[in-house]
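J.: I have a structure I would like to understand better, so I am pasting it below and will then ask my questions one at a time.
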Amino acid sequence: MSTGSQWKNPVIRWVDDRLPIFTYMDHEYQQFPMPRNLNYFWNFGALASIVLVVMVVTGVMLAMQYTPHVDYAFDSVERIRRDVNYGWLLQYIHMNGGSMFFIVVYIHMFRGLYYGSYKAPRELLWMLGVVILLLMMATAFMGYVLPWGQMSYWGATVITNLFSAIPLVGDWIVTLLWGGFSVDNATLNRFYSLHYLMPFVLFAVVGLHVVALHVSKSNNPDGIEMKGPQDSVPFHPYFTAKDSVGVGVFLLFFAFFVFYAPNFFGEPDNYIEANPLQTPSHIVPEWYFLPFYAILRSVTIDILFIPAKLMGVLLMFGSILILFILPWLDTARVRSAKYRPIYKYIFWIFFVDCIALGWVGSQPAEGTALIIGQVATVYYFAHFLLVMPILGKIETPLPLPSSIAEPVTGGGGGASAGAAAAKMEKP
Amino acid sequence: MADTAASPESGDEDAGRRDFLILAAGAMGVVGAASFAWPLIDSMNPSAEVLALSTVDVDLDPIQEGQSITIVWQGKPVFVRRRTKAEIEQALKDDSAELRDPEKDGDRAQKPDWLVMIGLCTHLGCIPLGQKSTDPKGEFGGWFCPCHGSHYDTAGRIRKGPAPKNLPLPPYKFVDDKTILIG
C-alpha cells in the first residue's frame with residue numbers, strides 16, 4: 001500500500017498513504033513553482049484569503065451576541081459595542097474588515113487587468129474571481145443591513161427595489177425578497193441567515209479559484225509563461241516569506257482603521273435606529289458600491305422602449321457581468337501592459353474612470369456630478385466593448401523577453417544560466 | 001550572499017542563524033495569534049450587563065414558618081426556606097448521622113430559621129422538589145430530585161441517591177433581620 005512516500009515520520013506516512021494531505025500541501029505550498037519575477041501586487045490574493053478568515057472568525061463570535069429582530073437588532077449591536085468583552089474590537093474589526101476586503105480585492109482585480117491575468121489559459125480563474133466578487137457584494141450588502149440603522153434600512157429598501165424594475169414579475173419578486181410589503185422583520189431574518197451562509201459558499205468558490213490557479217500557475221509582470229525551473233522559485237520559503245511581509249504591512253493598515261479611525265468608512269446615519277417613516281436626506285451605499293451606484297443613477301431618460309429605471313439596473317449589473325466576457329473582448333496577443341505601449345495608458349484612463357464613478361456615486365444625483373457620471377458610464381462600457389477589442393488589433397506590442405529568467409540574469413535565459421542563478425539565490 | 005554560500009563552514013553558520021530566525025519569527029507569530037484569539041474567547045465570557053445582575057435582595061417578611069420561596073439569582077433558582085422547629089431539630093440531630101458530604105447544620109444556615117441554598121441537584125443539575133407543601137420531600141423530609149432520585153434532608157444535605165454533594169450555598173448576608181442580599 002506504500003506509495004514510496006517521502007515522509008519519514010511513521011504517523012505522517014500512515015496518514016499520507018491513505019489521505020495524501022501532506023503530499024498535497026508539500027506539492028501545492030512548498031514545492032509549488034512560482035514565477036521568480038512577481039512583484040508585491042501578487043500578495044493581494046493571499047491578503048484577501050486572510051481577510052476572509054478574519055471576517056468569518058469575528059463574524060461567528062458576533063453572531064453569538066446579535067439578535068436578528070427589528071425590535072432588538074440595533075440595541076443588540078450597541079450592547080456588543082458597550083457590554084460584551086472586547087465586543088467593540090470584534091465589531092470594529094468586522095465592520096472595517098468589509099472595507100479591507102474590498103480594498104484588497106479591487107487591487108487584486110486591477111492587478112489582473114494591468115498584467116492581463118484574465119487571458120488564456122486563465123479565463124476560468126478570472127471568471128471564478130468575478131463570481132467571488134458578486135458573492136462578496138451580496139454578503140457585504142446583507143451584512144450592512146443587520147445593525148438596523150437608518151442606512152441599513154434604507155439601503156436594503158433601495159437595493160431590493162432594484163428588482164422591481166424587472167418587467168412583469170418585478171413587484172412579485174420584491175415581495176418575495178421582503179417576505180412582506182416592506183423591509184421588515186422577515187427581511188432582517190433572512191438576510192441574517194444568508195449573511196451567515198454566504199461566506200461558506202465564498203470559501204468553496206475561493207477553493208475552486210485556488211485549484212484553477214494551481215493548474216495554470218500564477219501570471220507574472222512579464223505576462224509570459226514559465227518555461228522551466230530557471231524561471232521559477234518554490235513557493236516556500238520565497239513566497240511564504242514575501243506574503244508574510246505583505247500581511248504584516250496590511251495588518252498595520254487594517255489595525256490603524258480599527259483602532260484610530262473605526263468610523264472612517266462608515267456613515268453617521270447608521271448610528272440612528274432604522275425608522276421606516278423617515279428617509280435620510282442623502283443616502284449613499286458603502287464606498288465599495290459607489291461606482292456601481294453612479295452607473296445605476298446615470299440613466300435619466302427612457303432609451304427606446306426601455307424605461308430609465310430598468311436601464312439603470314441593467315447597466316449596473318451589466319458593469320460587473322461584462323467582466324465575465326473580458327477574456328474574449330480583449331483581442332491582444334500579449335498579456336502584460338508592460339509590453340503594450342498604448343494599453344499601459346488606457347489602463348490608467350480606465351482606472352481614473354472607475355474612481356470618477358466612485359466620486360459621482362458619493363454626490364447627490366444632480367448638476368455636474370450627474371453629467372460626469374453619465375460620461376464616465378459611457379466610457380466604462382466603451383472601454384470593454386470598443387477599446388479592448390479594437391486596441392488588441394491595432395496596437396504593436398513591444399518585443400517580449402524570451403523567458404522570465406532573461407531580464408534577471410541578463411543572459412539568454414538558457415537552462416544552465418538559470419539554474420546557476422537559482423543556485424546563487426539559495427545560500 | 002552568493003559568495004558566502006560557496007564555503008561549507010559559513011553555510012553551517014547560516015543554518016544556525018536561520019534556525020534562530022525561524023524560532024524567533026514563529027514565537028512572534030504565536031504571540032500575535034494568541035493576542036488575537038484572546039478577545040475572541042473572552043467575548044464569550046459574561047458581559048458587563050450580565051455581571052451587573054450578580055446580586056439580588058430578598059425580602060423575608062412575607063414568608064411564614066414552614067414556607068419556601070424560590071428566587072432567581074444569576075439565572076439559577078435559590079431556595080429560601082423558613083424552617084419549622086421540628087425541621088431544625090431534625091437537622092441538628094442528623095449532624096451525627098452518616099453523611100456523604102459531612103457538614104454541620106450550623107455551617108449551612110447563618111440563622112437556624114432560614115435555609116438559603118442553590119436549588120440545583122449536585123448530580124446533574126435538575127431542580128429538586130420540596131418547595132411546595134404538596135411536593136414529595138424524599139425519605140429525609142427535605143428535598144427530592146425526581147430526575148435520578150437523590151434525597152436531601154432538612155438542611156439540604158445529600159442522604160441517598162447518586163448526587164455527590166449537599167445542595168450548594170450561595171454567598172449571602174443578612175442586611176437586616178428581614179432582608180438578605182444574595183451574591
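Chain labels A, B, ... are given in the sequence in which chains occur in the C-alpha cells; within each chain residues are numbered consecutively from 1, and ligands are likewise numbered from 1 in the order shown.
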I need the contact residues of chain A against chain B, so if you could list those with any atom within 12 Å, counting only C-alpha atoms, and return them as a PyMOL selection string, that would help.
T.: chain A and resi 54+56-65+76+78-91+93-94+237+241+244-245+247-248+251+255+420-427
J.: Write out the residues from the selection above, keeping C-alpha atoms, as a PDB file, in the first residue's frame.
T.:
ATOM      1  CA  VAL A  54     -10.728  37.201   9.889  1.00  0.00           C
ATOM      2  CA  VAL A  56     -15.536  34.500   9.403  1.00  0.00           C
ATOM      3  CA  VAL A  57     -13.867  34.224  12.803  1.00  0.00           C
ATOM      4  CA  THR A  58     -15.077  37.608  14.097  1.00  0.00           C
ATOM      5  CA  GLY A  59     -18.466  37.043  12.454  1.00  0.00           C
ATOM      6  CA  VAL A  60     -19.013  33.747  14.249  1.00  0.00           C
ATOM      7  CA  MET A  61     -18.272  35.441  17.577  1.00  0.00           C
ATOM      8  CA  LEU A  62     -20.563  38.399  16.780  1.00  0.00           C
ATOM      9  CA  ALA A  63     -23.365  36.046  15.755  1.00  0.00           C
ATOM     10  CA  MET A  64     -23.277  34.665  19.304  1.00  0.00           C
ATOM     11  CA  GLN A  65     -24.263  38.113  20.597  1.00  0.00           C
ATOM     12  CA  SER A  76     -28.030  44.213  20.451  1.00  0.00           C
ATOM     13  CA  GLU A  78     -24.985  48.652  20.807  1.00  0.00           C
ATOM     14  CA  ARG A  79     -24.751  46.034  23.557  1.00  0.00           C
ATOM     15  CA  ILE A  80     -21.931  44.328  21.650  1.00  0.00           C
ATOM     16  CA  ARG A  81     -20.094  47.654  21.486  1.00  0.00           C
ATOM     17  CA  ARG A  82     -20.592  48.528  25.153  1.00  0.00           C
ATOM     18  CA  ASP A  83     -21.157  45.436  27.281  1.00  0.00           C
ATOM     19  CA  VAL A  84     -19.597  42.406  25.580  1.00  0.00           C
ATOM     20  CA  ASN A  85     -15.958  41.791  26.487  1.00  0.00           C
ATOM     21  CA  TYR A  86     -13.887  43.137  23.564  1.00  0.00           C
ATOM     22  CA  GLY A  87     -17.161  43.480  21.654  1.00  0.00           C
ATOM     23  CA  TRP A  88     -16.068  46.926  20.458  1.00  0.00           C
ATOM     24  CA  LEU A  89     -12.949  45.316  18.974  1.00  0.00           C
ATOM     25  CA  LEU A  90     -14.770  42.453  17.263  1.00  0.00           C
ATOM     26  CA  GLN A  91     -17.427  44.773  15.885  1.00  0.00           C
ATOM     27  CA  ILE A  93     -12.737  44.551  13.046  1.00  0.00           C
ATOM     28  CA  HIS A  94     -15.755  43.054  11.306  1.00  0.00           C
ATOM     29  CA  PRO A 237      10.253  29.883   1.528  1.00  0.00           C
ATOM     30  CA  ALA A 241       8.216  34.989   3.305  1.00  0.00           C
ATOM     31  CA  SER A 244       4.315  37.433   5.316  1.00  0.00           C
ATOM     32  CA  VAL A 245       5.861  40.854   4.680  1.00  0.00           C
ATOM     33  CA  VAL A 247       0.479  40.518   5.573  1.00  0.00           C
ATOM     34  CA  GLY A 248       2.433  42.433   8.201  1.00  0.00           C
ATOM     35  CA  LEU A 251      -2.423  44.212   9.206  1.00  0.00           C
ATOM     36  CA  ALA A 255      -5.270  47.991  12.632  1.00  0.00           C
ATOM     37  CA  ALA A 420      23.136  28.797 -11.747  1.00  0.00           C
ATOM     38  CA  ALA A 421      21.129  31.889 -10.882  1.00  0.00           C
ATOM     39  CA  ALA A 422      18.682  29.844  -8.855  1.00  0.00           C
ATOM     40  CA  LYS A 423      21.599  28.281  -7.010  1.00  0.00           C
ATOM     41  CA  MET A 424      23.039  31.669  -6.214  1.00  0.00           C
ATOM     42  CA  GLU A 425      19.831  32.755  -4.585  1.00  0.00           C
ATOM     43  CA  LYS A 426      19.811  29.768  -2.283  1.00  0.00           C
ATOM     44  CA  PRO A 427      22.694  30.141   0.168  1.00  0.00           C
TER      45      PRO A 427
END
J.: Pick out the residues sitting within 9 Å of Arg83 of chain B, and hand them over as a ChimeraX atom specification; count only C-alpha atoms, and ignore anything fewer than 5 positions along from it in its own chain.
T.: /B:65-68,88,112-115,154
J.: I'd like to know which residues of chain B are strand (DSSP E or B) (by DSSP, run on the backbone); could you write them as a PyMOL selection string?
T.: chain B and resi 56-59+68-73+76-82+111+114-118+129+141-145+150-153+158-160+172-176+179-182
J.: Rounded to one decimal, what separation in Å do you get between atom CA of Leu38 of chain A and atom CA of Leu208 of chain A?
T.: 22.2 Å
J.: Hey, can you check how far atom CA of Asp269 of chain A sits from atom CA of Pro364 of chain A?
T.: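 Answer for the atom CA of Asp269 of chain A to atom CA of Pro364 of chain A separation: 16.1 Å.
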J.: Find the residues near Ala212 of chain A: any atom within 9 Å, counting only C-alpha atoms, skip ones fewer than 4 places away on the same chain, and give them as a list in words.
T.: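 Returned residues: Arg122, Leu124, Leu125, Leu128, Gly207, Leu208, Ser216 and Lys217 of chain A.
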J.: Could you please take those selected residues and save C-alpha atoms as a JSON list (two decimals), in the first residue's frame?
T.:
[["chain", "number", "residue", "atom", "x", "y", "z"],
["A", 122, "ARG", "CA", -6.67, 31.77, -17.07],
["A", 124, "LEU", "CA", -11.96, 30.41, -15.86],
["A", 125, "LEU", "CA", -9.73, 31.52, -13.00],
["A", 128, "LEU", "CA", -14.41, 32.42, -10.74],
["A", 207, "GLY", "CA", -11.25, 26.88, -3.22],
["A", 208, "LEU", "CA", -12.08, 26.47, -6.91],
["A", 216, "SER", "CA", -2.45, 27.42, -14.79],
["A", 217, "LYS", "CA", 0.05, 28.80, -12.22]]
J.: Pick out the residues sitting within 10 Å of Arg100 of chain B, and hand them over as a ChimeraX atom specification; count only C-alpha atoms, and ignore anything fewer than 5 positions along from it in its own chain.
T.: /B:157-160,163-166
J.: Please measure the separation of atom CA of Tyr72 of chain A and atom CA of Val201 of chain A, giving the value in Å to one decimal.
T.: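 These two atoms are separated by 28.0 Å.
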J.: Would you kindly return, as a PyMOL selection string, each protein, DNA or RNA residue with an atom no farther than 12 Å from any atom of Arg111 of chain A, considering only C-alpha atoms and excluding same-chain residues fewer than 3 positions away?
T.: chain A and resi 38-45+104-108+114-118+126+219-221+223+335-337+347-348+351
J.: Find the residue from B:Phe20, B:Asp94, B:Gly183, B:Leu124 that sits nearest to His148 of chain B; use only C-alpha atoms when measuring.
T.: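 Going through B:Phe20, B:Asp94, B:Gly183, B:Leu124 one by one, the smallest distance to His148 of chain B is for B:Leu124.
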